[in-house]
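Encoded as structure tokens, the structure appears first; notes follow it.
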Protein chains: 2
Amino acid sequence: MSNHSVADYDKELETLGQKIAEMGGLAEKMLSDAMDALVDFDTNLAQATINRDPRLDLLQRDIEENAILAIARRAPMALDLREIISAIRISGDLERIGDLAKNIAKRAIKISTDVRIPRAIIGLKSMHESAAILLKDVLDAYAQRDVERARSVWMFDAELDALEDSIFRDLLTFMMEDPRHISFCAHLLFCAKNIERIGDHATNIAETVVYLVTGESLPIDRPKGKTLLSDSPSTVE
Amino acid sequence: MSNHSVADYDKELETLGQKIAEMGGLAEKMLSDAMDALVDFDTNLAQATINRDPRLDLLQRDIEENAILAIARRAPMALDLREIISAIRISGDLERIGDLAKNIAKRAIKISTDVRIPRAIIGLKSMHESAAILLKDVLDAYAQRDVERARSVWMFDAELDALEDSIFRDLLTFMMEDPRHISFCAHLLFCAKNIERIGDHATNIAETVVYLVTGESLPIDRPKGKTLLSDSPSTVE
């Protein structure tokens, strides 16, 4: 086992956990604000969302550096090591969730001057509601080290992907109806993809929670997650 | 400094380097095969590309686990620590490049039955040529610890993004010309985005090479890289 003052060490882990909690709250806020900005064509809210991203990047960099130093200094074993590795992995997923939310915000600004097709945005709202629940659940699962709750996130992600599949087809239909819808809907295609990827990162985090608590290594070929990052229904149907 | 047998340690680092070299070669092969499959409507080659991905995932998992263990066991400092951290980061970027190439291959299969618009694929071919050069250059820069070459990759990535911007607009134009082009071109929109993201991961690797050799921490707000992952010209113009 590692040779350290338990008090100091616990404090280090506690600090890592606090920073991940801050990242999680920030990522959730960025996602909901980006979607509100998209739905309400609110460019000010979109810009405010974009402005939050550097803080998320800074926190991730900080978590990664401190985690690596902790491993080098403490040579932790077993659960302690998994705690630190999990902090690195989860901060990476949360940072990318922030990037994806920021991208939705940038698109909200871009399409704010396009012809509006409110019905094209309805499906994205449902996708967002599902993704927001996934994200909240997985952050709670991490905070409570709740393996069962983490596994449920994995399952729900499949619903999010099915939803994206139908939204993808709806958006293509709107494009075919009227060429003037094409640019607007093309941006929404990417927004739907971003939300699906956010669900995928939530699934990554769920897997990390399972790894953290049980020590089980993550499967290479999982039904969700990495595969979905690149192979969502919309990409293959 | 770390207290280890230099010979053993060097062997560990050498093994990490060899595995990254294998990942790099595999990622390059997947990208070129995926693009050939897309251009030639070759579904067999597309499937063969998809089948290579698990090997890339396995190598990344292996590199990450061995790197973390090396840090815990050796408590390396300075350059030794940067070598190991860089291996973790680069293997993560190469694994994602493989996912993006796999996604292009999946789309090649999907659109193989659609109405073909060869002129719509020409722009993607140029994007691929640029991305393939970026990838080769950055892998060479890593192998040779060549900071200047790494910095040049960073610069070239801007050209790739400009290219994607014009391809994005061309594809929208093809969609507007004929509704029967919409599904085909929608898949190509995502292929173009995938290639742009591959260029971005090459930029991430370039930054890791600079960090590895110079010890400079990566900038939070870089002109390329993380920003491009989410904010390519096609997403904001």
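In the structure tokens, each chain is lettered A, B, ... as it comes, each chain's residues begin at 1, and ligands are numbered from 1 in order of appearance.
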Same-sequence superposition of chain B onto chain A, all C-alpha, as a PDB file with C-alpha atoms, in the first residue's frame:
```
ATOM      1  CA  MET B   1      -0.333  -0.194   0.152  1.00  0.00           C
ATOM      2  CA  SER B   2       0.824   3.363  -0.313  1.00  0.00           C
ATOM      3  CA  ASN B   3       2.823   4.986   2.457  1.00  0.00           C
ATOM      4  CA  HIS B   4       1.178   8.300   3.094  1.00  0.00           C
ATOM      5  CA  SER B   5      -0.578  10.316   5.763  1.00  0.00           C
ATOM      6  CA  VAL B   6      -4.142   9.076   5.498  1.00  0.00           C
ATOM      7  CA  ALA B   7      -5.465  12.530   6.416  1.00  0.00           C
ATOM      8  CA  ASP B   8      -3.475  14.284   3.677  1.00  0.00           C
ATOM      9  CA  TYR B   9      -4.401  11.631   1.174  1.00  0.00           C
ATOM     10  CA  ASP B  10      -8.088  11.745   1.965  1.00  0.00           C
ATOM     11  CA  LYS B  11      -7.927  15.511   1.559  1.00  0.00           C
ATOM     12  CA  GLU B  12      -6.348  15.105  -1.900  1.00  0.00           C
ATOM     13  CA  LEU B  13      -9.065  12.706  -3.001  1.00  0.00           C
ATOM     14  CA  GLU B  14     -11.731  14.962  -1.488  1.00  0.00           C
ATOM     15  CA  THR B  15     -10.377  17.919  -3.458  1.00  0.00           C
ATOM     16  CA  LEU B  16     -10.435  15.877  -6.675  1.00  0.00           C
ATOM     17  CA  GLY B  17     -14.039  14.917  -5.938  1.00  0.00           C
ATOM     18  CA  GLN B  18     -15.021  18.540  -5.299  1.00  0.00           C
ATOM     19  CA  LYS B  19     -13.484  19.656  -8.585  1.00  0.00           C
ATOM     20  CA  ILE B  20     -15.328  16.928 -10.476  1.00  0.00           C
ATOM     21  CA  ALA B  21     -18.562  17.994  -8.776  1.00  0.00           C
ATOM     22  CA  GLU B  22     -17.916  21.563  -9.960  1.00  0.00           C
ATOM     23  CA  MET B  23     -17.207  20.301 -13.484  1.00  0.00           C
ATOM     24  CA  GLY B  24     -20.399  18.253 -13.425  1.00  0.00           C
ATOM     25  CA  GLY B  25     -22.530  21.196 -12.347  1.00  0.00           C
ATOM     26  CA  LEU B  26     -20.904  23.402 -14.958  1.00  0.00           C
ATOM     27  CA  ALA B  27     -21.449  20.839 -17.737  1.00  0.00           C
ATOM     28  CA  GLU B  28     -25.128  20.438 -16.761  1.00  0.00           C
ATOM     29  CA  LYS B  29     -25.603  24.220 -16.745  1.00  0.00           C
ATOM     30  CA  MET B  30     -23.888  24.628 -20.131  1.00  0.00           C
ATOM     31  CA  LEU B  31     -26.068  21.950 -21.700  1.00  0.00           C
ATOM     32  CA  SER B  32     -29.377  23.339 -20.407  1.00  0.00           C
ATOM     33  CA  ASP B  33     -28.433  26.940 -21.246  1.00  0.00           C
ATOM     34  CA  ALA B  34     -27.252  25.952 -24.743  1.00  0.00           C
ATOM     35  CA  MET B  35     -30.548  24.193 -25.401  1.00  0.00           C
ATOM     36  CA  ASP B  36     -32.596  27.118 -24.025  1.00  0.00           C
ATOM     37  CA  ALA B  37     -30.576  29.421 -26.263  1.00  0.00           C
ATOM     38  CA  LEU B  38     -31.304  27.169 -29.257  1.00  0.00           C
ATOM     39  CA  VAL B  39     -35.029  26.870 -28.526  1.00  0.00           C
ATOM     40  CA  ASP B  40     -35.526  30.567 -27.683  1.00  0.00           C
ATOM     41  CA  PHE B  41     -33.086  31.922 -30.302  1.00  0.00           C
ATOM     42  CA  ASP B  42     -31.383  33.696 -27.370  1.00  0.00           C
ATOM     43  CA  THR B  43     -27.939  34.720 -28.642  1.00  0.00           C
ATOM     44  CA  ASN B  44     -26.978  36.383 -25.340  1.00  0.00           C
ATOM     45  CA  LEU B  45     -27.554  33.176 -23.407  1.00  0.00           C
ATOM     46  CA  ALA B  46     -25.668  31.296 -26.140  1.00  0.00           C
ATOM     47  CA  GLN B  47     -22.675  33.599 -25.742  1.00  0.00           C
ATOM     48  CA  ALA B  48     -22.790  33.273 -21.948  1.00  0.00           C
ATOM     49  CA  THR B  49     -22.673  29.484 -22.394  1.00  0.00           C
ATOM     50  CA  ILE B  50     -19.654  29.738 -24.666  1.00  0.00           C
ATOM     51  CA  ASN B  51     -17.923  31.943 -22.083  1.00  0.00           C
ATOM     52  CA  ARG B  52     -18.233  29.261 -19.383  1.00  0.00           C
ATOM     53  CA  ASP B  53     -16.189  26.695 -21.306  1.00  0.00           C
ATOM     54  CA  PRO B  54     -12.658  27.872 -20.402  1.00  0.00           C
ATOM     55  CA  ARG B  55     -13.418  27.279 -16.710  1.00  0.00           C
ATOM     56  CA  LEU B  56     -14.316  23.681 -17.503  1.00  0.00           C
ATOM     57  CA  ASP B  57     -11.087  23.246 -19.483  1.00  0.00           C
ATOM     58  CA  LEU B  58      -9.070  24.718 -16.633  1.00  0.00           C
ATOM     59  CA  LEU B  59     -10.651  22.368 -14.080  1.00  0.00           C
ATOM     60  CA  GLN B  60      -9.922  19.352 -16.250  1.00  0.00           C
ATOM     61  CA  ARG B  61      -6.282  20.331 -16.731  1.00  0.00           C
ATOM     62  CA  ASP B  62      -6.007  20.866 -12.989  1.00  0.00           C
ATOM     63  CA  ILE B  63      -7.605  17.520 -12.108  1.00  0.00           C
ATOM     64  CA  GLU B  64      -5.416  15.648 -14.582  1.00  0.00           C
ATOM     65  CA  GLU B  65      -2.194  17.218 -13.337  1.00  0.00           C
ATOM     66  CA  ASN B  66      -3.016  16.723  -9.651  1.00  0.00           C
ATOM     67  CA  ALA B  67      -4.151  13.153 -10.249  1.00  0.00           C
ATOM     68  CA  ILE B  68      -0.944  12.211 -12.057  1.00  0.00           C
ATOM     69  CA  LEU B  69       1.151  13.831  -9.326  1.00  0.00           C
ATOM     70  CA  ALA B  70      -0.851  11.973  -6.664  1.00  0.00           C
ATOM     71  CA  ILE B  71      -0.170   8.673  -8.404  1.00  0.00           C
ATOM     72  CA  ALA B  72       3.538   9.436  -8.687  1.00  0.00           C
ATOM     73  CA  ARG B  73       3.790  10.674  -5.089  1.00  0.00           C
ATOM     74  CA  ARG B  74       1.563   8.121  -3.376  1.00  0.00           C
ATOM     75  CA  ALA B  75       1.959   5.032  -5.550  1.00  0.00           C
ATOM     76  CA  PRO B  76      -1.616   4.137  -4.555  1.00  0.00           C
ATOM     77  CA  MET B  77      -2.983   0.634  -4.939  1.00  0.00           C
ATOM     78  CA  ALA B  78      -6.407  -0.875  -5.601  1.00  0.00           C
ATOM     79  CA  LEU B  79      -9.285   1.434  -4.697  1.00  0.00           C
ATOM     80  CA  ASP B  80      -7.099   4.488  -4.117  1.00  0.00           C
ATOM     81  CA  LEU B  81      -5.577   4.091  -7.575  1.00  0.00           C
ATOM     82  CA  ARG B  82      -9.013   3.553  -9.135  1.00  0.00           C
ATOM     83  CA  GLU B  83     -10.275   6.728  -7.441  1.00  0.00           C
ATOM     84  CA  ILE B  84      -7.557   8.761  -9.105  1.00  0.00           C
ATOM     85  CA  ILE B  85      -7.808   7.082 -12.514  1.00  0.00           C
ATOM     86  CA  SER B  86     -11.586   7.582 -12.405  1.00  0.00           C
ATOM     87  CA  ALA B  87     -11.152  11.278 -11.654  1.00  0.00           C
ATOM     88  CA  ILE B  88      -8.942  11.630 -14.753  1.00  0.00           C
ATOM     89  CA  ARG B  89     -11.415   9.770 -16.970  1.00  0.00           C
ATOM     90  CA  ILE B  90     -14.555  11.503 -15.698  1.00  0.00           C
ATOM     91  CA  SER B  91     -13.014  14.976 -15.959  1.00  0.00           C
ATOM     92  CA  GLY B  92     -12.153  14.169 -19.592  1.00  0.00           C
ATOM     93  CA  ASP B  93     -15.745  13.181 -20.362  1.00  0.00           C
ATOM     94  CA  LEU B  94     -17.150  16.262 -18.607  1.00  0.00           C
ATOM     95  CA  GLU B  95     -14.781  18.536 -20.480  1.00  0.00           C
ATOM     96  CA  ARG B  96     -15.990  17.088 -23.789  1.00  0.00           C
ATOM     97  CA  ILE B  97     -19.619  17.431 -22.715  1.00  0.00           C
ATOM     98  CA  GLY B  98     -18.861  21.116 -22.206  1.00  0.00           C
ATOM     99  CA  ASP B  99     -17.344  21.324 -25.701  1.00  0.00           C
ATOM    100  CA  LEU B 100     -20.459  19.735 -27.196  1.00  0.00           C
ATOM    101  CA  ALA B 101     -22.768  22.093 -25.291  1.00  0.00           C
ATOM    102  CA  LYS B 102     -20.623  25.029 -26.419  1.00  0.00           C
ATOM    103  CA  ASN B 103     -20.981  23.840 -29.993  1.00  0.00           C
ATOM    104  CA  ILE B 104     -24.787  23.790 -29.639  1.00  0.00           C
ATOM    105  CA  ALA B 105     -24.582  27.356 -28.307  1.00  0.00           C
ATOM    106  CA  LYS B 106     -22.469  28.415 -31.314  1.00  0.00           C
ATOM    107  CA  ARG B 107     -25.028  26.896 -33.645  1.00  0.00           C
ATOM    108  CA  ALA B 108     -27.831  28.649 -31.748  1.00  0.00           C
ATOM    109  CA  ILE B 109     -26.123  31.947 -32.613  1.00  0.00           C
ATOM    110  CA  LYS B 110     -25.576  30.877 -36.199  1.00  0.00           C
ATOM    111  CA  ILE B 111     -29.161  29.833 -36.930  1.00  0.00           C
ATOM    112  CA  SER B 112     -30.684  32.757 -35.032  1.00  0.00           C
ATOM    113  CA  THR B 113     -30.900  34.604 -38.373  1.00  0.00           C
ATOM    114  CA  ASP B 114     -32.174  31.636 -40.433  1.00  0.00           C
ATOM    115  CA  VAL B 115     -35.733  30.802 -41.383  1.00  0.00           C
ATOM    116  CA  ARG B 116     -37.186  29.264 -38.208  1.00  0.00           C
ATOM    117  CA  ILE B 117     -38.751  25.815 -38.243  1.00  0.00           C
ATOM    118  CA  PRO B 118     -39.971  25.398 -34.658  1.00  0.00           C
ATOM    119  CA  ARG B 119     -41.286  21.865 -35.264  1.00  0.00           C
ATOM    120  CA  ALA B 120     -37.752  20.838 -36.250  1.00  0.00           C
ATOM    121  CA  ILE B 121     -36.533  21.774 -32.772  1.00  0.00           C
ATOM    122  CA  ILE B 122     -39.189  19.829 -30.845  1.00  0.00           C
ATOM    123  CA  GLY B 123     -37.371  16.525 -31.252  1.00  0.00           C
ATOM    124  CA  LEU B 124     -34.131  18.077 -30.038  1.00  0.00           C
ATOM    125  CA  LYS B 125     -35.944  19.233 -26.894  1.00  0.00           C
ATOM    126  CA  SER B 126     -36.942  15.653 -26.082  1.00  0.00           C
ATOM    127  CA  MET B 127     -33.407  14.455 -26.768  1.00  0.00           C
ATOM    128  CA  HIS B 128     -32.095  17.122 -24.437  1.00  0.00           C
ATOM    129  CA  GLU B 129     -34.514  16.127 -21.671  1.00  0.00           C
ATOM    130  CA  SER B 130     -33.275  12.534 -21.871  1.00  0.00           C
ATOM    131  CA  ALA B 131     -29.620  13.563 -22.017  1.00  0.00           C
ATOM    132  CA  ALA B 132     -30.032  15.927 -19.044  1.00  0.00           C
ATOM    133  CA  ILE B 133     -31.507  13.073 -16.971  1.00  0.00           C
ATOM    134  CA  LEU B 134     -28.674  10.742 -18.007  1.00  0.00           C
ATOM    135  CA  LEU B 135     -26.109  13.346 -17.015  1.00  0.00           C
ATOM    136  CA  LYS B 136     -27.741  14.062 -13.649  1.00  0.00           C
ATOM    137  CA  ASP B 137     -28.123  10.349 -12.892  1.00  0.00           C
ATOM    138  CA  VAL B 138     -24.539   9.474 -13.722  1.00  0.00           C
ATOM    139  CA  LEU B 139     -23.166  12.383 -11.669  1.00  0.00           C
ATOM    140  CA  ASP B 140     -25.312  11.189  -8.737  1.00  0.00           C
ATOM    141  CA  ALA B 141     -24.132   7.625  -9.361  1.00  0.00           C
ATOM    142  CA  TYR B 142     -20.531   8.839  -9.128  1.00  0.00           C
ATOM    143  CA  ALA B 143     -21.180  10.940  -6.014  1.00  0.00           C
ATOM    144  CA  GLN B 144     -22.879   8.006  -4.293  1.00  0.00           C
ATOM    145  CA  ARG B 145     -20.666   5.286  -5.809  1.00  0.00           C
ATOM    146  CA  ASP B 146     -23.936   3.688  -6.920  1.00  0.00           C
ATOM    147  CA  VAL B 147     -23.183   0.882  -9.390  1.00  0.00           C
ATOM    148  CA  GLU B 148     -26.815   0.007 -10.048  1.00  0.00           C
ATOM    149  CA  ARG B 149     -27.670   3.581 -10.907  1.00  0.00           C
ATOM    150  CA  ALA B 150     -24.624   3.705 -13.158  1.00  0.00           C
ATOM    151  CA  ARG B 151     -25.772   0.571 -14.992  1.00  0.00           C
ATOM    152  CA  SER B 152     -29.221   2.093 -15.528  1.00  0.00           C
ATOM    153  CA  VAL B 153     -27.603   5.045 -17.325  1.00  0.00           C
ATOM    154  CA  TRP B 154     -26.025   2.591 -19.728  1.00  0.00           C
ATOM    155  CA  MET B 155     -29.459   1.197 -20.552  1.00  0.00           C
ATOM    156  CA  PHE B 156     -31.194   4.576 -20.940  1.00  0.00           C
ATOM    157  CA  ASP B 157     -28.546   5.706 -23.408  1.00  0.00           C
ATOM    158  CA  ALA B 158     -30.037   3.238 -25.918  1.00  0.00           C
ATOM    159  CA  GLU B 159     -33.321   5.193 -25.821  1.00  0.00           C
ATOM    160  CA  LEU B 160     -31.477   8.417 -26.527  1.00  0.00           C
ATOM    161  CA  ASP B 161     -29.906   6.845 -29.599  1.00  0.00           C
ATOM    162  CA  ALA B 162     -33.252   5.589 -30.869  1.00  0.00           C
ATOM    163  CA  LEU B 163     -34.596   9.105 -30.407  1.00  0.00           C
ATOM    164  CA  GLU B 164     -31.715  10.581 -32.392  1.00  0.00           C
ATOM    165  CA  ASP B 165     -32.354   8.100 -35.166  1.00  0.00           C
ATOM    166  CA  SER B 166     -35.936   9.296 -35.646  1.00  0.00           C
ATOM    167  CA  ILE B 167     -34.934  12.963 -35.294  1.00  0.00           C
ATOM    168  CA  PHE B 168     -32.268  12.457 -37.945  1.00  0.00           C
ATOM    169  CA  ARG B 169     -34.927  11.130 -40.346  1.00  0.00           C
ATOM    170  CA  ASP B 170     -37.358  13.934 -39.469  1.00  0.00           C
ATOM    171  CA  LEU B 171     -34.715  16.568 -40.174  1.00  0.00           C
ATOM    172  CA  LEU B 172     -33.948  15.016 -43.564  1.00  0.00           C
ATOM    173  CA  THR B 173     -37.672  15.140 -44.307  1.00  0.00           C
ATOM    174  CA  PHE B 174     -37.884  18.838 -43.416  1.00  0.00           C
ATOM    175  CA  MET B 175     -34.916  19.432 -45.725  1.00  0.00           C
ATOM    176  CA  MET B 176     -36.618  17.627 -48.578  1.00  0.00           C
ATOM    177  CA  GLU B 177     -39.811  19.646 -48.070  1.00  0.00           C
ATOM    178  CA  ASP B 178     -38.177  22.985 -48.750  1.00  0.00           C
ATOM    179  CA  PRO B 179     -34.591  23.852 -49.770  1.00  0.00           C
ATOM    180  CA  ARG B 180     -34.796  26.913 -47.515  1.00  0.00           C
ATOM    181  CA  HIS B 181     -34.863  24.527 -44.531  1.00  0.00           C
ATOM    182  CA  ILE B 182     -31.599  22.836 -45.458  1.00  0.00           C
ATOM    183  CA  SER B 183     -29.056  25.089 -43.752  1.00  0.00           C
ATOM    184  CA  PHE B 184     -31.121  25.391 -40.562  1.00  0.00           C
ATOM    185  CA  CYS B 185     -31.751  21.644 -40.383  1.00  0.00           C
ATOM    186  CA  ALA B 186     -28.119  20.798 -41.210  1.00  0.00           C
ATOM    187  CA  HIS B 187     -27.101  22.649 -38.046  1.00  0.00           C
ATOM    188  CA  LEU B 188     -29.795  20.807 -36.096  1.00  0.00           C
ATOM    189  CA  LEU B 189     -28.434  17.497 -37.434  1.00  0.00           C
ATOM    190  CA  PHE B 190     -25.141  18.340 -35.754  1.00  0.00           C
ATOM    191  CA  CYS B 191     -26.924  19.494 -32.576  1.00  0.00           C
ATOM    192  CA  ALA B 192     -28.725  16.142 -32.399  1.00  0.00           C
ATOM    193  CA  LYS B 193     -25.413  14.380 -32.892  1.00  0.00           C
ATOM    194  CA  ASN B 194     -23.886  16.503 -30.128  1.00  0.00           C
ATOM    195  CA  ILE B 195     -26.647  15.544 -27.702  1.00  0.00           C
ATOM    196  CA  GLU B 196     -26.232  11.886 -28.619  1.00  0.00           C
ATOM    197  CA  ARG B 197     -22.508  12.191 -27.935  1.00  0.00           C
ATOM    198  CA  ILE B 198     -23.243  13.837 -24.590  1.00  0.00           C
ATOM    199  CA  GLY B 199     -25.315  10.764 -23.745  1.00  0.00           C
ATOM    200  CA  ASP B 200     -22.377   8.653 -24.807  1.00  0.00           C
ATOM    201  CA  HIS B 201     -20.005  10.518 -22.498  1.00  0.00           C
ATOM    202  CA  ALA B 202     -22.537   9.979 -19.704  1.00  0.00           C
ATOM    203  CA  THR B 203     -22.289   6.274 -20.539  1.00  0.00           C
ATOM    204  CA  ASN B 204     -18.488   6.473 -20.385  1.00  0.00           C
ATOM    205  CA  ILE B 205     -18.814   8.000 -16.917  1.00  0.00           C
ATOM    206  CA  ALA B 206     -21.251   5.259 -15.903  1.00  0.00           C
ATOM    207  CA  GLU B 207     -18.679   2.663 -16.918  1.00  0.00           C
ATOM    208  CA  THR B 208     -16.007   4.496 -14.974  1.00  0.00           C
ATOM    209  CA  VAL B 209     -18.229   4.401 -11.872  1.00  0.00           C
ATOM    210  CA  VAL B 210     -18.604   0.612 -12.277  1.00  0.00           C
ATOM    211  CA  TYR B 211     -14.822   0.298 -12.683  1.00  0.00           C
ATOM    212  CA  LEU B 212     -14.259   2.520  -9.656  1.00  0.00           C
ATOM    213  CA  VAL B 213     -16.535   0.590  -7.326  1.00  0.00           C
ATOM    214  CA  THR B 214     -16.056  -2.969  -8.591  1.00  0.00           C
ATOM    215  CA  GLY B 215     -12.611  -2.850 -10.185  1.00  0.00           C
ATOM    216  CA  GLU B 216     -14.072  -4.437 -13.317  1.00  0.00           C
ATOM    217  CA  SER B 217     -12.162  -3.330 -16.376  1.00  0.00           C
ATOM    218  CA  LEU B 218     -14.302  -1.720 -19.050  1.00  0.00           C
ATOM    219  CA  PRO B 219     -15.380  -3.993 -21.894  1.00  0.00           C
ATOM    220  CA  ILE B 220     -13.680  -3.315 -25.212  1.00  0.00           C
ATOM    221  CA  ASP B 221     -16.817  -4.035 -27.224  1.00  0.00           C
ATOM    222  CA  ARG B 222     -19.599  -2.474 -25.258  1.00  0.00           C
ATOM    223  CA  PRO B 223     -23.072  -2.021 -26.734  1.00  0.00           C
ATOM    224  CA  LYS B 224     -22.909   1.688 -25.945  1.00  0.00           C
ATOM    225  CA  GLY B 225     -20.289   4.268 -25.315  1.00  0.00           C
ATOM    226  CA  LYS B 226     -17.277   4.253 -27.531  1.00  0.00           C
ATOM    227  CA  THR B 227     -19.215   2.545 -30.267  1.00  0.00           C
ATOM    228  CA  LEU B 228     -21.928   5.161 -30.115  1.00  0.00           C
ATOM    229  CA  LEU B 229     -19.473   7.989 -30.315  1.00  0.00           C
ATOM    230  CA  SER B 230     -18.949   6.945 -33.882  1.00  0.00           C
ATOM    231  CA  ASP B 231     -21.822   4.640 -34.768  1.00  0.00           C
ATOM    232  CA  SER B 232     -25.080   6.156 -33.615  1.00  0.00           C
ATOM    233  CA  PRO B 233     -28.191   4.946 -35.395  1.00  0.00           C
ATOM    234  CA  SER B 234     -28.235   8.145 -37.369  1.00  0.00           C
ATOM    235  CA  THR B 235     -24.858   7.270 -38.789  1.00  0.00           C
ATOM    236  CA  VAL B 236     -25.728   3.774 -39.927  1.00  0.00           C
ATOM    237  CA  GLU B 237     -29.435   3.862 -40.697  1.00  0.00           C
TER     238      GLU B 237
END
```
